[in-house]
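Novice: Sharing input_14.cif (mmCIF, C-alpha atoms) below.
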data_target
loop_
_atom_site.group_PDB
_atom_site.id
_atom_site.type_symbol
_atom_site.label_atom_id
_atom_site.label_comp_id
_atom_site.auth_asym_id
_atom_site.auth_seq_id
_atom_site.Cartn_x
_atom_site.Cartn_y
_atom_site.Cartn_z
ATOM 1 C CA MET R 1 0.000 0.000 0.000
ATOM 2 C CA LYS R 2 1.354 3.416 -0.940
ATOM 3 C CA ALA R 3 1.433 5.940 1.840
ATOM 4 C CA THR R 4 -0.635 8.368 -0.228
ATOM 5 C CA GLU R 5 -3.201 5.823 -1.346
ATOM 6 C CA PRO R 6 -6.640 7.224 -0.373
ATOM 7 C CA TYR R 7 -7.513 4.360 1.959
ATOM 8 C CA PRO R 8 -7.587 4.637 4.932
ATOM 9 C CA ILE R 9 -7.728 8.446 4.900
ATOM 10 C CA PRO R 10 -11.418 8.719 3.816
ATOM 11 C CA GLU R 11 -12.382 6.180 6.475
ATOM 12 C CA PHE R 12 -10.449 8.218 9.018
ATOM 13 C CA PHE R 13 -12.447 11.340 8.239
ATOM 14 C CA ASN R 14 -15.707 9.400 8.356
ATOM 15 C CA TYR R 15 -14.623 8.245 11.808
ATOM 16 C CA LEU R 16 -13.840 11.804 12.958
ATOM 17 C CA ALA R 17 -17.175 13.105 11.710
ATOM 18 C CA ALA R 18 -19.328 10.256 13.018
ATOM 19 C CA GLU R 19 -17.653 9.395 16.304
ATOM 20 C CA LYS R 20 -15.800 12.507 17.370
ATOM 21 C CA GLY R 21 -18.339 14.949 16.054
ATOM 22 C CA LEU R 22 -15.765 17.492 14.920
ATOM 23 C CA ALA R 23 -16.886 20.699 13.238
ATOM 24 C CA GLN R 24 -16.579 21.000 9.460
ATOM 25 C CA ASN R 25 -13.855 23.652 9.727
ATOM 26 C CA THR R 26 -11.836 21.408 12.033
ATOM 27 C CA LEU R 27 -12.205 18.496 9.619
ATOM 28 C CA LEU R 28 -11.001 20.681 6.749
ATOM 29 C CA ALA R 29 -7.960 21.742 8.769
ATOM 30 C CA TYR R 30 -7.121 18.123 9.612
ATOM 31 C CA ARG R 31 -7.592 17.169 5.972
ATOM 32 C CA GLN R 32 -5.040 19.791 4.934
ATOM 33 C CA ASP R 33 -2.634 18.555 7.616
ATOM 34 C CA LEU R 34 -2.875 14.945 6.459
ATOM 35 C CA PHE R 35 -2.542 15.888 2.812
ATOM 36 C CA ARG R 36 0.783 17.571 3.571
ATOM 37 C CA TYR R 37 1.846 14.653 5.778
ATOM 38 C CA ALA R 38 1.003 12.105 3.061
ATOM 39 C CA LYS R 39 2.864 14.139 0.431
ATOM 40 C CA PHE R 40 5.920 14.231 2.706
ATOM 41 C CA ILE R 41 5.786 10.450 3.205
ATOM 42 C CA GLU R 42 5.417 9.935 -0.547
ATOM 43 C CA ALA R 43 8.421 12.199 -1.234
ATOM 44 C CA LYS R 44 10.464 10.056 1.144
ATOM 45 C CA LYS R 45 9.506 7.036 -1.009
ATOM 46 C CA ILE R 46 8.144 5.190 2.013
ATOM 47 C CA LYS R 47 6.109 2.215 0.763
ATOM 48 C CA GLY R 48 3.445 1.989 3.458
ATOM 49 C CA TRP R 49 2.201 3.456 6.721
ATOM 50 C CA ASP R 50 3.746 0.546 8.612
ATOM 51 C CA LYS R 51 7.165 1.705 7.410
ATOM 52 C CA VAL R 52 6.795 5.187 8.909
ATOM 53 C CA THR R 53 8.940 5.866 11.993
ATOM 54 C CA ARG R 54 8.956 8.530 14.694
ATOM 55 C CA ALA R 55 11.997 10.032 13.001
ATOM 56 C CA HIS R 56 9.957 10.560 9.835
ATOM 57 C CA ILE R 57 7.242 12.365 11.776
ATOM 58 C CA LEU R 58 9.789 14.628 13.489
ATOM 59 C CA GLN R 59 11.375 15.361 10.108
ATOM 60 C CA PHE R 60 7.957 16.297 8.750
ATOM 61 C CA LEU R 61 7.308 18.714 11.610
ATOM 62 C CA SER R 62 10.807 20.190 11.272
ATOM 63 C CA GLN R 63 10.226 20.763 7.576
ATOM 64 C CA GLU R 64 6.926 22.497 8.286
ATOM 65 C CA GLN R 65 8.701 24.774 10.761
ATOM 66 C CA LYS R 66 11.378 25.635 8.190
ATOM 67 C CA ASN R 67 8.578 26.473 5.752
ATOM 68 C CA GLY R 68 7.482 29.198 8.162
ATOM 69 C CA LEU R 69 4.560 27.465 9.889
ATOM 70 C CA ASP R 70 3.804 28.959 13.311
ATOM 71 C CA SER R 71 3.937 26.911 16.507
ATOM 72 C CA THR R 72 0.142 26.653 16.828
ATOM 73 C CA SER R 73 -0.206 25.216 13.326
ATOM 74 C CA ILE R 74 2.686 22.799 13.902
ATOM 75 C CA ALA R 75 0.985 21.606 17.093
ATOM 76 C CA ARG R 76 -2.200 20.991 15.106
ATOM 77 C CA ARG R 77 -0.229 19.093 12.443
ATOM 78 C CA LEU R 78 1.055 16.784 15.178
ATOM 79 C CA VAL R 79 -2.447 16.326 16.600
ATOM 80 C CA SER R 80 -3.679 15.319 13.139
ATOM 81 C CA VAL R 81 -0.847 12.841 12.658
ATOM 82 C CA LYS R 82 -1.383 11.330 16.114
ATOM 83 C CA LEU R 83 -5.116 10.945 15.524
ATOM 84 C CA PHE R 84 -4.505 9.289 12.177
ATOM 85 C CA HIS R 85 -1.988 6.771 13.540
ATOM 86 C CA ARG R 86 -4.221 6.022 16.518
ATOM 87 C CA PHE R 87 -7.106 5.363 14.114
ATOM 88 C CA MET R 88 -5.003 2.950 12.035
ATOM 89 C CA VAL R 89 -4.109 1.002 15.168
ATOM 90 C CA HIS R 90 -7.769 0.980 16.212
ATOM 91 C CA GLU R 91 -8.729 -0.414 12.807
ATOM 92 C CA ARG R 92 -5.874 -2.985 13.016
ATOM 93 C CA LEU R 93 -4.113 -1.512 10.004
ATOM 94 C CA LEU R 94 -1.056 -0.974 12.204
ATOM 95 C CA GLN R 95 0.140 -2.959 15.201
ATOM 96 C CA GLU R 96 1.818 -0.104 17.075
ATOM 97 C CA ASP R 97 1.040 3.561 17.633
ATOM 98 C CA ILE R 98 4.459 5.125 17.126
ATOM 99 C CA THR R 99 3.073 8.563 17.996
ATOM 100 C CA SER R 100 2.019 7.632 21.531
ATOM 101 C CA VAL R 101 5.258 8.942 23.066
ATOM 102 C CA LEU R 102 5.276 12.185 21.088
ATOM 103 C CA GLU R 103 4.239 15.180 23.148
ATOM 104 C CA SER R 104 1.251 17.095 21.862
ATOM 105 C CA PRO R 105 -1.347 19.503 23.201
ATOM 106 C CA LYS R 106 -4.429 18.082 24.852
ATOM 107 C CA LEU R 107 -6.988 17.108 22.250
ATOM 108 C CA TRP R 108 -10.396 18.739 22.192
ATOM 109 C CA LYS R 109 -9.880 21.108 25.127
ATOM 110 C CA LYS R 110 -13.318 22.618 24.537
ATOM 111 C CA LEU R 111 -16.014 21.397 26.851
ATOM 112 C CA PRO R 112 -18.062 18.647 25.213
ATOM 113 C CA HIS R 113 -21.400 19.583 23.679
ATOM 114 C CA PHE R 114 -24.350 17.976 25.405
ATOM 115 C CA LEU R 115 -28.120 18.096 25.349
ATOM 116 C CA THR R 116 -30.152 19.451 28.222
ATOM 117 C CA ARG R 117 -32.732 17.235 29.882
ATOM 118 C CA LEU R 118 -35.472 19.196 28.115
ATOM 119 C CA GLU R 119 -33.801 18.598 24.749
ATOM 120 C CA ILE R 120 -33.459 14.899 25.499
ATOM 121 C CA ASP R 121 -37.148 14.821 26.461
ATOM 122 C CA SER R 122 -38.081 16.546 23.198
ATOM 123 C CA ILE R 123 -36.371 13.753 21.257
ATOM 124 C CA PHE R 124 -38.085 10.960 23.143
ATOM 125 C CA LYS R 125 -41.444 12.709 22.928
ATOM 126 C CA LEU R 126 -41.365 12.541 19.134
ATOM 127 C CA PRO R 127 -44.208 10.419 17.706
ATOM 128 C CA LEU R 128 -43.102 6.810 17.567
ATOM 129 C CA SER R 129 -42.571 5.603 14.029
ATOM 130 C CA LYS R 130 -44.095 2.202 13.444
ATOM 131 C CA ASP R 131 -42.082 1.334 10.346
ATOM 132 C CA PRO R 132 -39.178 -1.117 10.869
ATOM 133 C CA ALA R 133 -36.437 1.493 10.457
ATOM 134 C CA GLY R 134 -38.152 3.843 12.902
ATOM 135 C CA ILE R 135 -38.512 1.138 15.571
ATOM 136 C CA ARG R 136 -34.850 0.169 15.154
ATOM 137 C CA ASP R 137 -33.633 3.770 15.208
ATOM 138 C CA ARG R 138 -35.583 4.482 18.390
ATOM 139 C CA ALA R 139 -33.797 1.552 20.056
ATOM 140 C CA ILE R 140 -30.440 2.904 18.849
ATOM 141 C CA VAL R 141 -31.100 6.360 20.320
ATOM 142 C CA GLU R 142 -32.234 4.780 23.586
ATOM 143 C CA CYS R 143 -28.926 2.860 23.773
ATOM 144 C CA LEU R 144 -26.811 5.892 22.858
ATOM 145 C CA TYR R 145 -28.295 7.943 25.683
ATOM 146 C CA GLY R 146 -29.400 5.179 28.063
ATOM 147 C CA ALA R 147 -26.053 3.346 28.082
ATOM 148 C CA GLY R 148 -23.594 6.009 26.928
ATOM 149 C CA LEU R 149 -22.338 3.826 24.097
ATOM 150 C CA ARG R 150 -19.994 5.125 21.413
ATOM 151 C CA VAL R 151 -21.276 4.904 17.862
ATOM 152 C CA SER R 152 -18.597 2.303 17.088
ATOM 153 C CA GLU R 153 -19.866 0.227 20.006
ATOM 154 C CA ILE R 154 -23.391 0.431 18.607
ATOM 155 C CA VAL R 155 -22.421 -0.689 15.097
ATOM 156 C CA ASN R 156 -20.231 -3.525 16.433
ATOM 157 C CA LEU R 157 -22.709 -4.731 19.062
ATOM 158 C CA THR R 158 -23.624 -8.395 18.614
ATOM 159 C CA LEU R 159 -26.626 -10.375 19.833
ATOM 160 C CA ASP R 160 -24.633 -12.402 22.350
ATOM 161 C CA ARG R 161 -23.472 -9.236 24.105
ATOM 162 C CA VAL R 162 -26.960 -7.961 24.910
ATOM 163 C CA ASP R 163 -28.723 -9.422 27.964
ATOM 164 C CA LEU R 164 -32.092 -7.706 28.183
ATOM 165 C CA GLU R 165 -33.380 -9.990 30.941
ATOM 166 C CA ASN R 166 -30.571 -8.983 33.287
ATOM 167 C CA ALA R 167 -30.445 -5.418 31.935
ATOM 168 C CA PHE R 168 -26.866 -5.101 30.780
ATOM 169 C CA ILE R 169 -24.705 -4.920 27.669
ATOM 170 C CA ARG R 170 -21.181 -6.275 27.367
ATOM 171 C CA SER R 171 -19.608 -3.618 25.234
ATOM 172 C CA LEU R 172 -16.255 -3.699 23.477
ATOM 173 C CA GLY R 173 -14.740 -0.230 23.692
ATOM 174 C CA LYS R 174 -11.446 1.270 22.638
ATOM 175 C CA GLY R 175 -8.575 -1.200 22.550
ATOM 176 C CA ASP R 176 -11.094 -4.071 22.665
ATOM 177 C CA LYS R 177 -11.621 -3.427 26.372
ATOM 178 C CA GLU R 178 -14.835 -5.012 27.562
ATOM 179 C CA ARG R 179 -17.066 -3.303 30.089
ATOM 180 C CA ILE R 180 -20.449 -4.155 31.541
ATOM 181 C CA VAL R 181 -22.980 -1.379 30.960
ATOM 182 C CA PRO R 182 -26.395 -1.390 32.628
ATOM 183 C CA ILE R 183 -29.374 -0.339 30.519
ATOM 184 C CA GLY R 184 -32.636 1.109 31.757
ATOM 185 C CA LYS R 185 -36.246 0.066 31.290
ATOM 186 C CA LYS R 186 -36.876 2.419 28.357
ATOM 187 C CA ALA R 187 -33.906 1.086 26.396
ATOM 188 C CA ILE R 188 -34.847 -2.496 27.238
ATOM 189 C CA GLY R 189 -38.407 -1.924 26.048
ATOM 190 C CA ALA R 190 -37.249 -0.323 22.798
ATOM 191 C CA CYS R 191 -34.748 -3.126 22.136
ATOM 192 C CA LYS R 192 -37.330 -5.837 22.810
ATOM 193 C CA GLU R 193 -39.760 -4.186 20.427
ATOM 194 C CA TYR R 194 -37.041 -3.968 17.775
ATOM 195 C CA LEU R 195 -36.022 -7.623 18.225
ATOM 196 C CA GLY R 196 -39.601 -8.924 18.155
ATOM 197 C CA ARG R 197 -41.184 -6.727 15.517
ATOM 198 C CA VAL R 198 -38.252 -5.978 13.228
ATOM 199 C CA ARG R 199 -35.137 -8.114 13.487
ATOM 200 C CA ALA R 200 -37.002 -11.412 13.918
ATOM 201 C CA LYS R 201 -38.746 -10.840 10.578
ATOM 202 C CA MET R 202 -35.565 -9.998 8.647
ATOM 203 C CA LYS R 203 -33.168 -12.323 6.880
ATOM 204 C CA ALA R 204 -30.115 -11.521 8.966
ATOM 205 C CA LYS R 205 -26.725 -12.146 7.360
ATOM 206 C CA THR R 206 -24.767 -11.238 10.471
ATOM 207 C CA ASP R 207 -24.968 -11.536 14.245
ATOM 208 C CA HIS R 208 -24.882 -7.764 14.670
ATOM 209 C CA PHE R 209 -27.622 -6.591 17.027
ATOM 210 C CA PHE R 210 -28.670 -3.657 14.844
ATOM 211 C CA ILE R 211 -29.030 -4.473 11.153
ATOM 212 C CA GLY R 212 -30.306 -2.744 8.034
ATOM 213 C CA LYS R 213 -32.874 -3.904 5.507
ATOM 214 C CA ASN R 214 -30.076 -5.724 3.647
ATOM 215 C CA GLY R 215 -29.610 -7.946 6.698
ATOM 216 C CA ARG R 216 -26.149 -6.566 7.439
ATOM 217 C CA GLY R 217 -24.767 -4.310 10.135
ATOM 218 C CA LEU R 218 -25.223 -0.551 10.054
ATOM 219 C CA THR R 219 -22.488 2.006 9.368
ATOM 220 C CA ARG R 220 -21.349 4.913 11.518
ATOM 221 C CA GLN R 221 -22.435 7.244 8.741
ATOM 222 C CA TYR R 222 -26.017 5.933 8.774
ATOM 223 C CA ILE R 223 -26.332 6.538 12.528
ATOM 224 C CA TRP R 224 -24.776 10.003 12.192
ATOM 225 C CA GLN R 225 -27.322 10.955 9.506
ATOM 226 C CA MET R 226 -30.184 9.439 11.476
ATOM 227 C CA ILE R 227 -29.264 11.478 14.561
ATOM 228 C CA LYS R 228 -29.213 14.678 12.494
ATOM 229 C CA LYS R 229 -32.717 13.874 11.227
ATOM 230 C CA VAL R 230 -34.037 13.116 14.710
ATOM 231 C CA ALA R 231 -32.593 16.354 16.126
ATOM 232 C CA LYS R 232 -34.212 18.371 13.349
ATOM 233 C CA GLN R 233 -37.574 16.711 13.974
ATOM 234 C CA ALA R 234 -37.271 17.576 17.689
ATOM 235 C CA GLY R 235 -36.553 21.218 16.866
ATOM 236 C CA ILE R 236 -33.025 21.134 18.287
ATOM 237 C CA GLN R 237 -30.820 23.824 16.746
ATOM 238 C CA LYS R 238 -27.516 22.445 18.044
ATOM 239 C CA ASP R 239 -25.206 20.605 15.679
ATOM 240 C CA ILE R 240 -25.313 17.196 17.359
ATOM 241 C CA THR R 241 -23.707 13.834 16.626
ATOM 242 C CA PRO R 242 -24.075 10.343 18.117
ATOM 243 C CA HIS R 243 -21.306 11.256 20.573
ATOM 244 C CA THR R 244 -23.453 14.120 21.894
ATOM 245 C CA PHE R 245 -25.671 11.501 23.547
ATOM 246 C CA ARG R 246 -22.656 9.992 25.308
ATOM 247 C CA HIS R 247 -21.662 13.456 26.565
ATOM 248 C CA SER R 248 -25.242 14.028 27.715
ATOM 249 C CA TYR R 249 -25.326 10.633 29.461
ATOM 250 C CA ALA R 250 -22.209 11.459 31.494
ATOM 251 C CA THR R 251 -23.242 15.028 32.253
ATOM 252 C CA HIS R 252 -26.708 14.063 33.464
ATOM 253 C CA LEU R 253 -25.332 11.281 35.649
ATOM 254 C CA LEU R 254 -22.974 13.708 37.392
ATOM 255 C CA GLU R 255 -25.676 16.368 37.703
ATOM 256 C CA GLY R 256 -27.857 13.726 39.329
ATOM 257 C CA GLY R 257 -25.203 13.033 41.952
ATOM 258 C CA ALA R 258 -23.375 10.020 40.485
ATOM 259 C CA ASP R 259 -19.846 9.361 41.741
ATOM 260 C CA LEU R 260 -17.091 10.366 39.308
ATOM 261 C CA ARG R 261 -15.375 6.975 39.580
ATOM 262 C CA MET R 262 -18.612 5.217 38.777
ATOM 263 C CA VAL R 263 -19.131 7.390 35.691
ATOM 264 C CA GLN R 264 -15.548 6.629 34.652
ATOM 265 C CA GLU R 265 -16.348 2.915 34.875
ATOM 266 C CA LEU R 266 -19.586 3.284 32.938
ATOM 267 C CA LEU R 267 -17.887 5.249 30.156
ATOM 268 C CA GLY R 268 -14.924 2.880 29.992
ATOM 269 C CA HIS R 269 -12.330 5.623 30.493
ATOM 270 C CA SER R 270 -8.917 4.236 31.446
ATOM 271 C CA ASP R 271 -7.882 7.605 32.918
ATOM 272 C CA ILE R 272 -10.175 9.522 35.258
ATOM 273 C CA SER R 273 -8.819 12.811 33.910
ATOM 274 C CA THR R 274 -10.801 12.069 30.744
ATOM 275 C CA THR R 275 -13.977 11.789 32.808
ATOM 276 C CA GLN R 276 -13.221 14.912 34.841
ATOM 277 C CA ILE R 277 -14.034 17.186 31.901
ATOM 278 C CA TYR R 278 -17.693 16.468 32.617
ATOM 279 C CA THR R 279 -17.338 17.903 36.129
ATOM 280 C CA HIS R 280 -16.568 21.233 34.448
ATOM 281 C CA VAL R 281 -19.709 20.898 32.350
ATOM 282 C CA SER R 282 -21.797 20.120 35.427
ATOM 283 C CA ARG R 283 -20.163 22.903 37.428
ATOM 284 C CA ASP R 284 -20.941 25.446 34.723
ATOM 285 C CA ARG R 285 -24.521 24.217 34.624
ATOM 286 C CA LEU R 286 -24.854 24.558 38.409
ATOM 287 C CA LYS R 287 -23.391 28.068 38.276
ATOM 288 C CA SER R 288 -25.915 29.146 35.658
ATOM 289 C CA VAL R 289 -28.783 27.699 37.707
ATOM 290 C CA HIS R 290 -27.517 29.470 40.842
ATOM 291 C CA ALA R 291 -27.144 32.775 38.997
ATOM 292 C CA LYS R 292 -30.646 32.510 37.567
ATOM 293 C CA PHE R 293 -32.601 31.393 40.616
ATOM 294 C CA HIS R 294 -30.712 32.492 43.741
ATOM 295 C CA PRO R 295 -31.743 35.937 45.055
ATOM 296 C CA ARG R 296 -28.105 36.955 45.321
ATOM 297 C CA GLY R 297 -26.949 35.047 42.251
#
Could you take the file, read its structure, and then write that structure out as structure tokens?
Specialist:
Amino acid sequence: MKATEPYPIPEFFNYLAAEKGLAQNTLLAYRQDLFRYAKFIEAKKIKGWDKVTRAHILQFLSQEQKNGLDSTSIARRLVSVKLFHRFMVHERLLQEDITSVLESPKLWKKLPHFLTRLEIDSIFKLPLSKDPAGIRDRAIVECLYGAGLRVSEIVNLTLDRVDLENAFIRSLGKGDKERIVPIGKKAIGACKEYLGRVRAKMKAKTDHFFIGKNGRGLTRQYIWQMIKKVAKQAGIQKDITPHTFRHSYATHLLEGGADLRMVQELLGHSDISTTQIYTHVSRDRLKSVHAKFHPRG
């Protein structure tokens, strides 16, 4: 595989859009970064991404600096490269993430976007669609918010990992780490309706829990587009993605008094510092409530 061959770069950007929910301008910036990185690798006559070394990446950044790129842009170049290599490891295209030891700024410092409880309610108050796709999609949304699953965990979920009788899902997260996630009554009800009224009547060609009319598993892109449609129907103006439901899940748990360590376990975060960003979200929310309703706010 040539380093500049399109695959897996398009898949990488689909991943960023569907799972990370990055803004269009951010995606365009990352695309420019990777284009320059790929051109550099091609100029070095490196035959594949598995032949790239840390030295090559440092040479690339040094060249960008010599070309007059400012420090902020160089830092973003490195972020783009690190994300790309991490994605290739995640997709098993590479065995090792050679960028893991390279220092870079914290990714996505901005507080995560989330839906308020009222906005969540507006989605679940939408008229229930009785067509097969609508019943399935309702179950997907219930699992995104009710279990805090990543979109990749939804599309890779298999029948044997869902135990509706005991109310839990065995989910495979990043790095194939398994975690047990409890699911609530609403999600259980939606999933049972989907299994009985939709999936049981389809000619499944896979053991994926959620399948399309072709009998195969769904894509990240389908769920991303479905979420956009649902948000529009609910009158939500925010630019939301499947990951917005995961952010909302964590935020609402903490606002409700859940322990930070427990939320870390539910989300499958290996480092609690990743979970702590939601305490800032909750704190800001509490401040706004105090300012609005307290007589001396």
Novice: Which residues would end up in the selection if the PyMOL selection byres ((chain R and resi 183) around 8) were applied here, given that I need the answer as a list in words?
Specialist: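 Output of the PyMOL selection byres ((chain R and resi 183) around 8): Cys143, Gly146, Ala147, Ala167, Phe168, Ile169, Val181, Pro182, Gly184, Lys185, Ala187 and Ile188 of chain R.
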Novice: In Å, rounded to a single decimal, give me how far atom CA of Phe12 of chain R is from atom CA of Val89 of chain R.
Specialist: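 Atom CA of Phe12 of chain R lies at a distance of 11.4 Å from atom CA of Val89 of chain R.
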Novice: Kindly indicate which residue among R:Val162, R:Ala231, R:Leu28, R:Val101 lies nearest to Leu115 of chain R, using all atoms listed in the file for the distances.
Specialist: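 Checking each of R:Val162, R:Ala231, R:Leu28, R:Val101 against Leu115 of chain R, counting all atoms listed in the file, the winner is R:Ala231.
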Novice: Work out how far atom CA of Gln32 of chain R is from atom CA of Gln95 of chain R, in Å to one decimal.
Specialist: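 Interatomic distance here is 25.5 Å.
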Novice: Counting only C-alpha atoms, figure out which residue out of R:Asp207, R:Glu265, R:Glu96, R:Glu165 gets nearest to Asp50 of chain R.
Specialist: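 Result for the nearest residue to Asp50 of chain R: R:Glu96.
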Novice: Set the distance at 12 Å and use only C-alpha atoms: which residues neighbour Glu91 of chain R once local chain neighbours fewer than 5 positions away are removed? I'd like the list as a PyMOL selection string.
Specialist: chain R and resi 7-9+11-12+15+84-86+96-97+152+174-176
Novice: Between atom CA of Met88 of chain R and atom CA of Leu172 of chain R, what is the distance, to one decimal in Å?
Specialist: 17.4 Å
Novice: Using 8 Å as the limit and counting only C-alpha atoms, can you tabulate each residue of segment 74-151 of chain R that touches segment 236-242 of chain R, with its shortest atom-to-atom distance in Å and the two atoms involved, as a Markdown table?
Specialist:
| residue | atom | partner | partner_atom | distance |
| --- | --- | --- | --- | --- |
| R:His113 | CA | R:Ile240 | CA | 7.8 |
| R:Glu119 | CA | R:Ile236 | CA | 7.0 |
| R:Leu144 | CA | R:Pro242 | CA | 7.1 |
| R:Arg150 | CA | R:Pro242 | CA | 7.4 |
| R:Val151 | CA | R:Pro242 | CA | 6.1 |
Novice: Out of R:Tyr249, R:Phe13, R:Phe209, R:Tyr222, which residue has the shortest atom-to-atom distance to Asp160 of chain R when counting only C-alpha atoms?
Specialist: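 Among R:Tyr249, R:Phe13, R:Phe209, R:Tyr222, it is R:Phe209 that comes nearest to Asp160 of chain R.
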Novice: Got a sec: who's within 6 Å of Thr275 of chain R, counting only C-alpha atoms, leaving out chain neighbours fewer than 3 positions off, as a list in words?
Specialist: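 In the requested format, the answer is Gln264, Ile272 and Tyr278 of chain R.
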Novice: Could you list, as a PyMOL selection string, every residue matched by the PyMOL selection byres ((chain R and resi 263) around 12) in this structure?
Specialist: chain R and resi 147-148+181-182+246-247+249-262+264-279
Novice: Between R:Gln63, R:Ser122, R:Asn214, R:Ser248, single out the one closest to Arg199 of chain R, counting only C-alpha atoms.
Specialist: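 The answer is R:Asn214, which sits nearest to Arg199 of chain R.
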Novice: Which neighbours of Ile41 of chain R fall inside 10 Å, counting all atoms listed in the file, when residues of the same chain fewer than 4 positions from it are skipped, and could you give them as a VMD selection string?
Specialist: chain R and resid 2 to 4 35 to 37 45 to 49 51 to 52 56 to 57 60
